[in-house]
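Notes for the one structure printed next.
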Amino acid sequence: MIRAQAEETLTAVTPTPVAVAAPQGRPLNPTQLATPAFLLAVPFSLSTEVANNPWMEDLPSDRRGPDARKAMRQWLDLYHFVATEAVVYLLPSRGDCNLQDLVFTANLGAVLEHLPDKNTAIVSNFYSLPRVREAPLGLAFFESLGYTTDRPPHKFEGEAELKHLRDNVYAGGYGIRSEIAAYDWMERRYDMKVVKLEETDRYLYHLDCTVFPVTRDDTLVCTELYERAEVAELERHTNIIDVSVDDCYAGICNSVRLSNTILNASHVSELQAGTEDYAAEVAKNRRLEDIAVSLGFDLSFFNLSEYHKSGALLSCMLLHLNRQSYEFALT
């Protein structure tokens with residue numbers, strides 16, 4: 001009797017659900033946040049079983065296998081640093097998924113920064129066979145957050161190939177892993193301008209190896225590797241800071257901006273002084289230090305030597321979910 005009365009009372013006071021409007025100005029996805037946001041993936045499935053780039057092909061198979069514990073420590077150093085300044089999403093990934101390069105999230109796709117709703121993600125159409133099965137995971141991630149997703153009918157390997165410069169202007173790399181037609185498709189579909197740059201050096205097979213937008217006005221570019229007309233077109237939209245081929249081989253453009261800090265990979269501590277590799281790494285670090293100082297940036301280096309065995313560097317491991325770092329005022 002008492003229980004029946006209590007249940008009757010609860011039923012009587014249970015409010016009828018009503019539609020409630022979302023708070024005004026509330027961000028609906030990480031691209032709309034006023035804080036930097038990135039996508040990373042824990043290296044559970046990291047492997048070098050398939051040599052799918054020249055760096056891996058040059059490394060003897062008995063030296064190519066990554067040390068899983070060391071790789072995790074190096075990844076955590078980067079993750080902890082980024083997470084102090086940014087919102088970090090982690091891509092769900094199983095250790096037995098047989099996706100050796102999944103940790104390199106910059107190739108999963110690209111968020112289009114110039115669209116007013118900041119709600120569109122282009123998912124990659126991989127050329128590299130070991131990476132083809134990553135695309136559904138990228139698609140599922142973006143769709144889980146409510147993004148409108150699209151995929152070009154041409155080969156395209158994500159943010160590593162498409163760099164936002166300013167407004168609706170991007171730089172796009174093609175010729176080795178991505179097709180120029182992918183950028184024609186984007187221009188027609190999304191009211192954007194893509195400065196198309198043909199990649200010809202097989203070791204520098206993504207655009208992030210030779211182009212790094214460091215501010216809304218300044219971009220590191222290895223002009224030696226591009227035709228004069230390509231460089232001239234790029235100069236219409238950004239101030240070019242020229243960097244050498246040797247510095248690109250050492251990874252100067254494989255950098256990421258986080259607020260007022262440039263992040264770059266350097267394993268100089270593991271190299272033997274007096275060797276060519278040591279000299280090249282020191283030269284790259286000093287050049288990047290000079291650029292950072294001239295523009296008012298701090299600079300942080302991370303040892304990612306285990307990921308070099310995959311032919312990868314720091315910019316490969318972070319996918320921008322927004323470009324809020326570029327709104328940070330430098331003094």
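Naming works like this for the structure tokens: A, B, ... for the chains as they're shown, residue 1 at the start of each chain, ligands 1 onward in shown order.
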Can you tell me which residues surround Glu224 (chain A) at a distance of at most 9 Å, considering only C-alpha atoms, apart from same-chain residues fewer than 5 positions away, and format the answer as a VMD selection string?
chain A and resid 242 to 245
I'd like the neighbourhood of Asn322 (chain A) as JSON, numbers by chain, where a residue qualifies if any of its atoms comes within 7 Å (using only C-alpha atoms), though same-chain residues fewer than 6 positions away should be ignored.
{"A": [30, 31, 36, 37, 113]}
Mind dumping the selected residues with N, CA and C atoms as a PDB file, in the first residue's frame?
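Just written: again_6.pdb:
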```pdb
ATOM      1  N   PRO A  30      35.091  20.178 -31.877  1.00  0.00           N
ATOM      2  CA  PRO A  30      36.379  20.798 -31.515  1.00  0.00           C
ATOM      3  C   PRO A  30      36.858  21.874 -32.474  1.00  0.00           C
ATOM      4  N   THR A  31      36.393  21.860 -33.722  1.00  0.00           N
ATOM      5  CA  THR A  31      36.802  22.902 -34.658  1.00  0.00           C
ATOM      6  C   THR A  31      36.230  24.253 -34.251  1.00  0.00           C
ATOM      7  N   PRO A  36      43.042  25.500 -28.899  1.00  0.00           N
ATOM      8  CA  PRO A  36      43.613  24.548 -29.864  1.00  0.00           C
ATOM      9  C   PRO A  36      43.124  23.122 -29.595  1.00  0.00           C
ATOM     10  N   ALA A  37      42.900  22.368 -30.655  1.00  0.00           N
ATOM     11  CA  ALA A  37      42.429  20.990 -30.524  1.00  0.00           C
ATOM     12  C   ALA A  37      43.100  20.121 -31.584  1.00  0.00           C
ATOM     13  N   GLU A 113      39.049  24.729 -42.535  1.00  0.00           N
ATOM     14  CA  GLU A 113      39.011  25.824 -41.565  1.00  0.00           C
ATOM     15  C   GLU A 113      38.213  27.020 -42.064  1.00  0.00           C
TER      16      GLU A 113
END
```
Using only C-alpha atoms, the shortest atom-to-atom distance to Asp101 (chain A) among A:Asp167, A:Glu187, A:Glu57, A:Glu134 belongs to A:Glu134
Go ahead and compute the interatomic distance for CA of Gly138 (chain A) and CA of Pro54 (chain A), in Å to one decimal.
25.2 Å
Neighbouring residues of Pro66 (chain A) were defined as those with any atom within 9 Å, considering only C-alpha atoms; residues of the same chain fewer than 3 positions away were excluded. Please report them as a PyMOL selection string.
chain A and resi 46-48+63+69-71+306-307+309-310
For Val214 (chain A), please output as number ranges by chain all residues within 9 Å (counting only C-alpha atoms; exclusion window: fewer than 2 positions along the same chain).
A: 212, 216-220, 255-257, 262, 326
What are the DSSP helix (DSSP H, G or I) residues of region 267-311 of chain A, as a list of chain:residue names?
A:Val268, A:Ser269, A:Glu270, A:Glu276, A:Asp277, A:Tyr278, A:Ala279, A:Ala280, A:Glu281, A:Val282, A:Ala283, A:Lys284, A:Asn285, A:Arg286, A:Arg287, A:Leu288, A:Glu289, A:Asp290, A:Ile291, A:Ala292, A:Val293, A:Ser294, A:Leu295, A:Ser305, A:Glu306, A:Tyr307, A:His308
One number please: CA of Lys196 (chain A) to CA of His154 (chain A), in Å, one decimal.
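We find that CA of Lys196 (chain A) and CA of His154 (chain A) lie 14.7 Å from each other.
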